[in-house]
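Shown next, in C-alpha cells, is the structure this report addresses.
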Amino acid sequence: MSSSGNGSEASLDLLKCLSLSEVIQKKKALENGRKNLDDRQGLLERQKDDMLNINKVFRNWLTHLQKKVERNNQQLPYLWCIKDICKTILTTLGNREGDFYTQVKHVYAEHVPGVSLMCERLEELRRLVTKIDHDEVTYKPGFVEDIHHVLGTLLGLTGTILDVYF
C-alpha cells in the first residue's frame, strides 16, 4: 500500500485479500444488518403512526372544547356542554379495547421518549374530566381552562415527540 492512498483504496486492497468464505460471511452479515434496519424502520413507522393518531385525538378534543361549548352571557361555559365533552373524553380514556388505548399502550411499552410524561398528563386530564363529570357541586368554570391547559400540553408533547424523535 502506498502512503499517499486514501481510505477507499485501502479498503479495495483489503477486499482483494478476502477469501471466498470471508466474502460469503461478510455478505451474510450485511444482509442481517439490512434486515435489522428494515425491522427497526417498520417499528418506528408504526410508532409514528400511533403518535400521529394520538395527536389527532388530542386535537379533536381541544377543538370540541374550544368551538362546541356554548357559553352564557358572562362567557362562562354551560355545565351540560362541558359534561358532554367530558363523557366523550372519559369514554375514550376508559375504553381498554379501543384504538386510542392500544396506541398509547404500544408507544409506552416501546419506550418512545417523552411518552411517560404524556401519560402523566393523561392521568391529570382523567382526574379533571372525572371531577366535572361526577361532581356537579364542585364545578368551576376554571376547570375548563385547566382542561385547555392540559390538552395544550399534551398537543405540545406529542408534537415535540413527532418532530424530534420521528
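Note on naming: chains are A, B, ... as they come in the C-alpha cells, residues start from 1 per chain, ligands start from 1 in the order shown.
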
Next on the checklist: Using only C-alpha atoms, which protein or nucleic acid residues come within 10 Å of region 59-61 of chain A? Drop anything in the same chain fewer than 3 positions from it, and give the result as a VMD selection string.
Outcome noted: chain A and resid 53 to 56 64 to 66 85 to 86 88 to 89 147 to 148 151 to 152 154 to 155

Let's have the selection written as a tab-separated table (two decimals), in the first residue's frame, with N, CA, C and O atoms.
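This is the output file selection.tsv:
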chain	number	residue	atom	x	y	z
A	53	ASN	N	-51.89	9.50	15.38
A	53	ASN	CA	-53.30	9.26	15.75
A	53	ASN	C	-53.61	9.80	17.15
A	53	ASN	O	-54.68	10.36	17.38
A	54	ILE	N	-52.69	9.61	18.08
A	54	ILE	CA	-52.87	10.13	19.44
A	54	ILE	C	-52.97	11.65	19.39
A	54	ILE	O	-53.85	12.26	20.01
A	55	ASN	N	-52.08	12.27	18.64
A	55	ASN	CA	-52.09	13.72	18.48
A	55	ASN	C	-53.41	14.20	17.89
A	55	ASN	O	-53.97	15.21	18.31
A	56	LYS	N	-53.92	13.46	16.92
A	56	LYS	CA	-55.19	13.82	16.27
A	56	LYS	C	-56.35	13.77	17.28
A	56	LYS	O	-57.22	14.64	17.27
A	64	HIS	N	-63.22	20.53	20.03
A	64	HIS	CA	-64.58	20.45	20.60
A	64	HIS	C	-64.71	21.36	21.81
A	64	HIS	O	-65.74	22.02	21.98
A	65	LEU	N	-63.69	21.38	22.62
A	65	LEU	CA	-63.74	22.20	23.83
A	65	LEU	C	-63.76	23.69	23.49
A	65	LEU	O	-64.44	24.47	24.14
A	66	GLN	N	-63.07	24.08	22.44
A	66	GLN	CA	-62.99	25.49	22.08
A	66	GLN	C	-64.20	25.97	21.28
A	66	GLN	O	-64.66	27.08	21.47
A	85	ILE	N	-68.61	16.80	26.60
A	85	ILE	CA	-67.22	16.61	26.14
A	85	ILE	C	-66.46	15.74	27.12
A	85	ILE	O	-65.68	14.86	26.72
A	86	CYS	N	-66.69	15.95	28.40
A	86	CYS	CA	-66.01	15.13	29.42
A	86	CYS	C	-66.39	13.66	29.29
A	86	CYS	O	-65.54	12.77	29.44
A	88	THR	N	-67.22	12.15	26.53
A	88	THR	CA	-66.51	11.66	25.35
A	88	THR	C	-65.06	11.34	25.69
A	88	THR	O	-64.53	10.28	25.33
A	89	ILE	N	-64.40	12.24	26.41
A	89	ILE	CA	-63.00	12.03	26.80
A	89	ILE	C	-62.88	10.83	27.71
A	89	ILE	O	-62.02	9.97	27.51
A	147	ILE	N	-58.50	22.13	31.74
A	147	ILE	CA	-58.54	21.11	30.68
A	147	ILE	C	-57.88	21.65	29.42
A	147	ILE	O	-57.11	20.94	28.77
A	148	HIS	N	-58.17	22.92	29.09
A	148	HIS	CA	-57.49	23.55	27.94
A	148	HIS	C	-55.97	23.46	28.10
A	148	HIS	O	-55.25	23.12	27.16
A	151	LEU	N	-54.71	19.82	27.73
A	151	LEU	CA	-54.78	19.40	26.32
A	151	LEU	C	-53.72	20.13	25.48
A	151	LEU	O	-53.10	19.53	24.59
A	152	GLY	N	-53.48	21.39	25.77
A	152	GLY	CA	-52.42	22.12	25.08
A	152	GLY	C	-51.06	21.51	25.36
A	152	GLY	O	-50.21	21.38	24.46
A	154	LEU	N	-50.51	18.37	26.20
A	154	LEU	CA	-50.47	17.08	25.50
A	154	LEU	C	-50.19	17.27	24.02
A	154	LEU	O	-49.40	16.51	23.43
A	155	LEU	N	-50.82	18.26	23.41
A	155	LEU	CA	-50.54	18.55	21.99
A	155	LEU	C	-49.09	18.95	21.79
A	155	LEU	O	-48.44	18.53	20.83

Checklist entry - Taking only C-alpha atoms into account, which of A:Leu157, A:Ala29, A:Val129, A:Leu43 comes nearest Gly114 (chain A)? => result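 When distances to Gly114 (chain A) are compared using only C-alpha atoms, the smallest one comes from A:Leu157.
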
Next on the checklist: Just to confirm, what's the straight-line distance from CA of Thr91 (chain A) to CA of Cys119 (chain A) in Å (one decimal)?
Outcome noted: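 CA of Cys119 (chain A) lies 16.5 Å from CA of Thr91 (chain A).
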
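Among A:Ala109, A:Leu122, A:Gly159, A:Lys83, the residue with the shortest atom-to-atom distance to Pro141 (chain A), counting only C-alpha atoms, is A:Lys83.
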
Next on the checklist: Can you pull out every residue from region 84-143 of chain A that DSSP, working from the backbone, puts in helix (DSSP H, G or I), and format the result as a count of residues only?
Outcome noted: 47

Checklist entry - Which is closest to Phe100 (chain A) among A:Val150, A:Leu62, A:Met51, A:Leu44, if we use only C-alpha atoms? => result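 Closest to Phe100 (chain A), using only C-alpha atoms: A:Met51.
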